[in-house]
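J.: Provided below: upload35.txt, containing compact mmCIF, C-alpha atoms.
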# COMPACT_ATOMS: atom_id res chain seq x y z
CA MET A 23 5.64 18.88 38.07
CA SER A 24 6.43 18.99 34.35
CA ARG A 25 4.26 16.80 32.10
CA ASP A 26 6.41 16.93 28.97
CA GLY A 27 7.37 13.24 29.20
CA VAL A 28 6.15 10.36 27.02
CA LEU A 29 5.29 7.02 28.59
CA LEU A 30 5.89 4.04 26.33
CA LEU A 31 3.87 1.04 27.46
CA GLY A 32 5.45 -1.98 25.80
CA GLY A 33 8.37 0.23 24.87
CA GLY A 34 10.84 -2.65 24.90
CA GLY A 35 9.40 -4.22 21.76
CA PHE A 36 10.38 -3.64 18.15
CA ILE A 37 8.42 -0.45 17.46
CA GLY A 38 8.77 0.81 21.02
CA SER A 39 12.56 0.48 21.02
CA ALA A 40 12.88 2.33 17.72
CA LEU A 41 10.52 5.06 18.93
CA ALA A 42 12.36 5.40 22.24
CA LYS A 43 15.68 5.81 20.43
CA ARG A 44 14.28 8.59 18.26
CA LEU A 45 12.63 10.39 21.17
CA ARG A 46 15.90 10.33 23.11
CA LEU A 47 17.72 11.80 20.14
CA ASP A 48 15.11 14.57 20.08
CA GLY A 49 15.66 15.23 23.79
CA VAL A 50 12.18 14.14 24.88
CA PRO A 51 11.90 12.67 28.41
CA ILE A 52 10.65 9.10 28.05
CA TYR A 53 9.53 6.46 30.52
CA VAL A 54 9.53 2.87 29.30
CA VAL A 55 7.29 0.27 30.92
CA GLY A 56 7.11 -3.37 29.88
CA ARG A 57 3.79 -5.13 29.63
CA ASP A 58 4.71 -7.20 32.70
CA ASN A 59 5.46 -4.17 34.84
CA GLY A 60 2.19 -2.28 34.69
CA ASP A 61 2.37 -1.31 38.38
CA ALA A 62 5.11 1.19 37.56
CA MET A 63 2.76 3.24 35.39
CA GLY A 64 1.12 4.97 38.32
CA ASP A 65 4.40 6.56 39.40
CA MET A 66 5.30 7.73 35.90
CA LEU A 67 2.00 9.04 34.56
CA PRO A 68 2.02 12.36 36.48
CA ARG A 69 5.21 13.30 34.59
CA CYS A 70 3.74 12.54 31.17
CA GLY A 71 1.39 14.33 28.81
CA THR A 72 1.40 11.45 26.30
CA VAL A 73 1.07 7.69 26.61
CA VAL A 74 1.91 5.42 23.67
CA HIS A 75 0.33 2.00 24.27
CA LEU A 76 2.29 -0.58 22.26
CA ALA A 77 2.01 -3.53 24.63
CA SER A 78 0.66 -6.85 23.40
CA GLY A 79 1.51 -10.33 24.58
CA THR A 80 -0.15 -12.26 21.76
CA THR A 81 -0.17 -12.79 18.01
CA PRO A 82 -3.01 -14.15 15.86
CA GLY A 83 -1.33 -17.55 15.97
CA SER A 84 -0.48 -17.69 19.67
CA SER A 85 -4.05 -17.13 20.89
CA ALA A 86 -5.79 -19.04 18.06
CA ARG A 87 -6.59 -22.02 20.30
CA TYR A 88 -6.25 -20.19 23.59
CA PRO A 89 -8.54 -17.13 23.56
CA MET A 90 -7.97 -16.60 27.28
CA LEU A 91 -4.49 -15.37 26.41
CA GLU A 92 -6.14 -12.19 25.17
CA GLU A 93 -7.31 -11.54 28.73
CA GLN A 94 -3.84 -10.29 29.71
CA ASN A 95 -3.93 -7.65 26.96
CA LEU A 96 -7.40 -6.48 27.97
CA ALA A 97 -6.46 -6.42 31.66
CA LEU A 98 -3.38 -4.28 31.02
CA THR A 99 -5.36 -1.80 28.91
CA LEU A 100 -8.09 -1.55 31.53
CA HIS A 101 -5.47 -0.98 34.23
CA LEU A 102 -3.97 1.82 32.14
CA LEU A 103 -7.37 3.44 31.62
CA GLU A 104 -8.05 3.28 35.36
CA LEU A 105 -4.84 5.17 36.01
CA ILE A 106 -5.28 7.73 33.23
CA GLN A 107 -8.76 8.71 34.36
CA THR A 108 -7.27 9.96 37.63
CA GLN A 109 -4.89 12.31 35.77
CA SER A 110 -5.42 15.72 34.26
CA PRO A 111 -6.13 15.57 30.50
CA MET A 112 -3.52 13.64 28.54
CA HIS A 113 -3.07 12.13 25.08
CA LEU A 114 -3.26 8.35 24.63
CA ILE A 115 -1.99 6.80 21.38
CA PHE A 116 -3.13 3.19 21.12
CA PHE A 117 -1.50 0.81 18.65
CA SER A 118 -4.20 -1.48 17.29
CA SER A 119 -3.73 -3.78 14.26
CA GLY A 120 -4.50 -2.84 10.68
CA GLY A 121 -3.68 -6.36 9.58
CA THR A 122 -6.31 -8.12 11.71
CA VAL A 123 -9.22 -5.87 12.75
CA TYR A 124 -10.76 -5.68 9.25
CA GLY A 125 -10.77 -9.41 8.58
CA ASN A 126 -11.14 -9.95 4.83
CA PRO A 127 -12.25 -6.48 3.69
CA ALA A 128 -14.58 -6.03 0.73
CA THR A 129 -12.57 -3.15 -0.74
CA PHE A 130 -8.89 -2.48 -1.40
CA PRO A 131 -7.23 -0.54 -0.02
CA VAL A 132 -9.36 -0.66 3.13
CA ALA A 133 -10.27 2.67 4.78
CA GLU A 134 -10.76 3.37 8.49
CA ASP A 135 -14.54 3.57 8.26
CA SER A 136 -14.79 0.02 6.89
CA PRO A 137 -16.49 -2.54 9.16
CA LEU A 138 -14.35 -4.28 11.76
CA ALA A 139 -14.66 -8.04 11.22
CA PRO A 140 -11.64 -9.77 12.77
CA LEU A 141 -11.05 -13.46 12.07
CA SER A 142 -8.73 -14.04 15.05
CA TYR A 143 -9.07 -13.60 18.79
CA HIS A 144 -6.06 -11.31 18.61
CA GLY A 145 -7.82 -9.03 16.11
CA ALA A 146 -11.01 -9.10 18.18
CA GLY A 147 -9.04 -8.15 21.27
CA LYS A 148 -7.49 -5.19 19.45
CA ALA A 149 -10.91 -4.02 18.26
CA ALA A 150 -12.26 -4.25 21.81
CA GLN A 151 -9.32 -2.27 23.17
CA GLU A 152 -9.90 0.47 20.59
CA ILE A 153 -13.42 0.96 21.91
CA LEU A 154 -12.30 0.86 25.53
CA CYS A 155 -9.60 3.46 24.93
CA LYS A 156 -11.94 5.79 23.08
CA THR A 157 -14.19 6.03 26.15
CA LEU A 158 -11.51 8.19 27.78
CA THR A 159 -12.60 11.06 25.54
CA THR A 160 -15.74 11.41 27.66
CA LEU A 161 -13.47 12.38 30.56
CA GLY A 162 -11.61 15.09 28.64
CA HIS A 163 -8.64 13.04 27.46
CA THR A 164 -7.65 12.72 23.80
CA VAL A 165 -7.25 9.30 22.20
CA THR A 166 -5.60 8.46 18.89
CA VAL A 167 -5.93 4.95 17.47
CA LEU A 168 -3.27 3.71 15.07
CA ARG A 169 -3.87 0.62 12.96
CA PRO A 170 -0.40 -0.33 11.69
CA SER A 171 0.27 -2.83 8.95
CA ASN A 172 3.17 -5.28 9.11
CA ALA A 173 6.15 -3.31 10.40
CA TYR A 174 9.66 -4.57 9.69
CA GLY A 175 13.23 -3.34 9.63
CA PRO A 176 16.51 -3.27 11.56
CA GLY A 177 16.13 -4.07 15.24
CA GLN A 178 13.32 -6.58 14.80
CA THR A 179 14.15 -9.78 16.65
CA MET A 180 12.92 -13.27 15.90
CA ARG A 181 9.54 -14.03 17.45
CA HIS A 182 7.71 -17.24 16.64
CA GLY A 183 4.71 -16.64 14.40
CA PHE A 184 5.44 -12.94 14.02
CA GLY A 185 7.35 -10.85 11.49
CA LEU A 186 7.35 -12.52 8.08
CA ILE A 187 10.27 -10.57 6.61
CA ARG A 188 12.49 -11.05 9.66
CA THR A 189 11.62 -14.76 9.68
CA MET A 190 12.48 -15.20 6.00
CA LEU A 191 15.80 -13.41 6.43
CA GLN A 192 16.63 -15.62 9.40
CA HIS A 193 15.98 -18.74 7.31
CA ALA A 194 18.12 -17.30 4.52
CA GLN A 195 20.97 -16.72 6.96
CA ALA A 196 20.66 -20.14 8.61
CA SER A 197 19.84 -22.11 5.44
CA SER A 198 16.87 -23.58 7.33
CA THR A 199 13.37 -24.49 6.19
CA LEU A 200 10.67 -21.85 5.89
CA GLU A 201 7.06 -22.86 6.54
CA ILE A 202 4.29 -20.99 4.71
CA TRP A 203 0.69 -21.51 5.75
CA GLY A 204 -1.49 -21.72 2.63
CA ASP A 205 -0.48 -21.16 -0.99
CA GLY A 206 1.64 -18.07 -0.35
CA GLU A 207 -0.78 -15.78 -2.14
CA ASN A 208 -2.08 -14.07 0.99
CA VAL A 209 -1.46 -10.33 0.56
CA ARG A 210 -0.24 -7.96 3.26
CA ASP A 211 0.83 -4.34 3.58
CA TYR A 212 4.42 -3.96 4.82
CA ILE A 213 5.81 -0.73 6.29
CA TYR A 214 9.39 0.09 7.21
CA ILE A 215 10.11 0.90 10.86
CA ASP A 216 11.46 4.42 10.20
CA ASP A 217 8.16 5.37 8.55
CA VAL A 218 6.22 4.05 11.55
CA VAL A 219 8.38 6.04 13.96
CA GLU A 220 8.10 9.25 11.95
CA ALA A 221 4.30 9.06 11.83
CA THR A 222 4.10 8.35 15.57
CA LEU A 223 6.36 11.27 16.39
CA ARG A 224 4.18 13.62 14.41
CA LEU A 225 1.09 12.37 16.24
CA ILE A 226 2.80 12.91 19.60
CA GLY A 227 3.15 16.50 18.44
CA LEU A 228 -0.64 16.75 18.04
CA PRO A 229 -1.88 16.48 21.65
CA ASP A 230 -5.47 17.36 20.70
CA ASP A 231 -5.80 14.62 18.09
CA CYS A 232 -8.63 12.10 18.46
CA GLY A 233 -8.44 10.36 15.09
CA THR A 234 -8.30 6.74 13.99
CA TYR A 235 -5.68 6.07 11.33
CA ASN A 236 -4.35 3.30 9.15
CA LEU A 237 -0.56 3.28 9.31
CA GLY A 238 0.62 1.40 6.26
CA SER A 239 2.38 1.71 2.94
CA GLY A 240 -0.82 1.46 0.91
CA VAL A 241 0.85 -1.22 -1.25
CA GLY A 242 0.16 -4.95 -1.05
CA HIS A 243 2.55 -7.85 -1.61
CA SER A 244 1.85 -11.56 -1.44
CA ILE A 245 3.97 -13.85 0.72
CA ASN A 246 5.42 -15.35 -2.45
CA GLN A 247 6.36 -11.91 -3.75
CA VAL A 248 8.10 -11.07 -0.47
CA LYS A 249 9.91 -14.40 -0.68
CA ASP A 250 11.14 -13.52 -4.18
CA VAL A 251 12.52 -10.19 -2.95
CA VAL A 252 14.25 -11.87 0.01
CA GLU A 253 15.80 -14.50 -2.26
CA THR A 254 17.07 -11.80 -4.61
CA THR A 255 18.47 -9.75 -1.72
CA CYS A 256 20.19 -12.71 -0.07
CA CYS A 257 21.29 -14.41 -3.31
CA THR A 258 19.75 -17.69 -2.22
CA VAL A 259 16.72 -19.92 -2.74
CA LEU A 260 14.76 -20.51 0.44
CA ASP A 261 13.97 -24.12 1.28
CA THR A 262 10.19 -23.78 1.61
CA VAL A 263 7.39 -26.05 2.79
CA TYR A 264 3.77 -25.04 2.20
CA ARG A 265 1.34 -26.09 4.94
CA PRO A 266 -2.49 -26.14 4.88
CA SER A 267 -4.08 -22.71 5.22
CA ARG A 268 -5.50 -21.56 8.56
CA GLY A 269 -8.95 -20.06 9.07
CA MET A 270 -7.61 -17.24 11.28
CA ASP A 271 -5.37 -15.91 8.49
CA VAL A 272 -6.67 -12.92 6.56
CA ARG A 273 -6.48 -13.57 2.82
CA SER A 274 -5.71 -10.04 1.67
CA VAL A 275 -5.52 -6.65 3.33
CA VAL A 276 -3.95 -3.41 2.12
CA LEU A 277 -4.40 -0.21 4.12
CA ASP A 278 -5.63 3.10 2.74
CA ASN A 279 -3.33 5.64 4.40
CA THR A 280 -4.97 8.73 2.87
CA ARG A 281 -6.28 10.05 6.19
CA LEU A 282 -2.90 9.85 7.93
CA ARG A 283 -1.09 11.42 4.99
CA ALA A 284 -3.50 14.37 5.03
CA THR A 285 -3.37 14.87 8.80
CA LEU A 286 0.40 14.66 9.19
CA THR A 287 1.70 15.69 5.77
CA TRP A 288 3.46 12.33 6.00
CA GLN A 289 4.12 9.55 3.55
CA PRO A 290 6.10 6.30 3.56
CA THR A 291 9.60 6.82 2.22
CA VAL A 292 11.11 3.32 2.12
CA GLY A 293 9.81 0.77 -0.38
CA LEU A 294 9.79 -2.97 0.20
CA ALA A 295 12.88 -3.90 -1.82
CA ASP A 296 15.00 -1.15 -0.26
CA GLY A 297 13.69 -1.93 3.21
CA ILE A 298 14.52 -5.62 2.92
CA VAL A 299 18.05 -4.76 1.77
CA ARG A 300 18.53 -2.46 4.78
CA THR A 301 17.16 -5.11 7.14
CA TRP A 302 19.38 -7.83 5.68
CA GLU A 303 22.45 -5.62 6.00
CA SER A 304 21.62 -4.94 9.67
CA ILE A 305 21.44 -8.69 10.34
CA GLN A 306 24.71 -9.33 8.54
CA ASN A 307 26.45 -6.48 10.36
CA PRO A 308 24.87 -6.26 13.83
Any chance you could put this one into structure tokens?
T.:
Amino acid sequence: MSRDGVLLLGGGGFIGSALAKRLRLDGVPIYVVGRDNGDAMGDMLPRCGTVVHLASGTTPGSSARYPMLEEQNLALTLHLLELIQTQSPMHLIFFSSGGTVYGNPATFPVAEDSPLAPLSYHGAGKAAQEILCKTLTTLGHTVTVLRPSNAYGPGQTMRHGFGLIRTMLQHAQASSTLEIWGDGENVRDYIYIDDVVEATLRLIGLPDDCGTYNLGSGVGHSINQVKDVVETTCCTVLDTVYRPSRGMDVRSVVLDNTRLRATLTWQPTVGLADGIVRTWESIQNP
């Protein structure tokens, strides 16, 4: 049986859908499994040499008061590992979270060897899953960990508490009220979806890779700065309400992408202003 397929766990989400589209265009056999259909993985794994684990059912906000929600993410990952360990050597690419696992880092941009100090249960769950996945290397499998920053772009749907740029554009379109937690000066690293897909494709082409990589633009923008760009793009002023800050929210994080750039000869190609314009146009002309 051929093992040239790629299994996308959580492939129906924003990044997974964009990656699946590109893989199909490249003629790669893909098998998409939702996070609620983990039982199907056992039938598909023998046909695959690569698994891209994108599945997550939580956000920092959704599990803030309900840490048990993270149990479903851990259970799915453990189920996947159980299945993989019965297969001949394969490559697992696990999508962690560059925006949450470092907490409030002491240096900017933050590199991969910086301490993991998550402030949210979601970030802690991602850090735990990184360690769990890496244990597969003792059984001859290869494991790549990707820590993406805030991905955005065409194809991203509205999801409560997730996707700042998509949320702002939705409020601009609907002339509704935007809520910002804190003073709007929290800084994040935003990366356009095409740059995420390109980096992932190149890693799929490196089946012996066992690295841990930040996947970000390397540039930070505050929420207020993003809001300014959105308002300029949409020719509107967002009706905005500032709420009290939340302890689970990282104040500032920008990812050092030097390691990924060197490994893949890759670099982000779409800046924030251009990316927001492209995303806005895709919403206006679905």
J.: I'd like the contact shell of Arg57 of chain A - 8 Å cut-off, all atoms listed in the file, skipping same-chain residues fewer than 3 positions apart - returned as a PyMOL selection string.
T.: chain A and resi 31-32+60+77-79+98
J.: With C-alpha atoms retained, export the selected residues as a compact mmCIF listing (two decimals), keeping the file's coordinate frame.
T.:
# COMPACT_ATOMS: atom_id res chain seq x y z
CA LEU A 31 3.87 1.04 27.46
CA GLY A 32 5.45 -1.98 25.80
CA GLY A 60 2.19 -2.28 34.69
CA ALA A 77 2.01 -3.53 24.63
CA SER A 78 0.66 -6.85 23.40
CA GLY A 79 1.51 -10.33 24.58
CA LEU A 98 -3.38 -4.28 31.02
J.: Rank A:Cys257, A:Ile115, A:Leu223, A:Met63 by their smallest atom-to-atom distance to Lys43 of chain A, using all atoms listed in the file, and report the top residue only.
T.: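 Using all atoms listed in the file, the shortest distance to Lys43 of chain A belongs to A:Leu223.
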J.: Starting from 4 Å padding per side, set up an axis-aligned box that covers all listed atoms of segment 259-273 of chain A and hand over centre and edge lengths in Å, one decimal, as JSON.
T.:
{"center_x": 3.9, "center_y": -19.5, "center_z": 4.3, "size_x": 33.7, "size_y": 21.2, "size_z": 22.0}
J.: If you take all atoms listed in the file and a cut-off of 10 Å, which residues of segment 234-292 of chain A touch segment 168-177 of chain A, and what are their nearest atom pairs and distances in Å to one decimal, in chain and number order, as a Markdown table?
T.:
| residue | atom | partner | partner_atom | distance |
| --- | --- | --- | --- | --- |
| A:Thr234 | CA | A:Leu168 | CA | 6.0 |
| A:Tyr235 | CA | A:Leu168 | CA | 5.0 |
| A:Asn236 | CA | A:Arg169 | CA | 4.7 |
| A:Leu237 | CA | A:Pro170 | CA | 4.3 |
| A:Gly238 | CA | A:Ser171 | CA | 5.0 |
| A:Ser239 | CA | A:Ser171 | CA | 7.8 |
| A:Gly240 | CA | A:Ser171 | CA | 9.2 |
| A:Val275 | CA | A:Ser171 | CA | 8.9 |
| A:Val276 | CA | A:Ser171 | CA | 8.0 |
| A:Leu277 | CA | A:Ser171 | CA | 7.2 |
| A:Asn279 | CA | A:Pro170 | CA | 9.9 |
| A:Leu282 | CA | A:Leu168 | CA | 9.4 |
J.: Looking at all atoms listed in the file, which of A:Leu41, A:His101, A:Pro229, A:Arg25 is the one that sits closest to Arg69 of chain A?
T.: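 The closest residue to Arg69 of chain A is A:Arg25.
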J.: Which distance in Å separates atom CA of Arg46 of chain A and atom CA of Leu30 of chain A, to one decimal?
T.: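 A separation of 12.3 Å between them.
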J.: Let me make sure I understand: among A:Leu67, A:Thr129, A:Asp58, A:Thr81, which one has the smallest atom-to-atom distance to Ala97 of chain A if we use only C-alpha atoms?
T.: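 Distance minimum relative to Ala97 of chain A lands on A:Asp58.
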J.: Would you work out the distance separating atom CA of Thr99 of chain A from atom CA of Pro82 of chain A, expressed in Å to one decimal?
T.: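 That distance, rounded to one decimal, is 18.1 Å.
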J.: Tell me which protein, DNA and RNA residues are within 12 Å of Gly145 of chain A, counting all atoms listed in the file, leaving out same-chain ones fewer than 5 positions away, and put them as a ChimeraX atom specification.
T.: /A:78,80-86,89,92,95,117-126,138-140,150-152,169,270-272
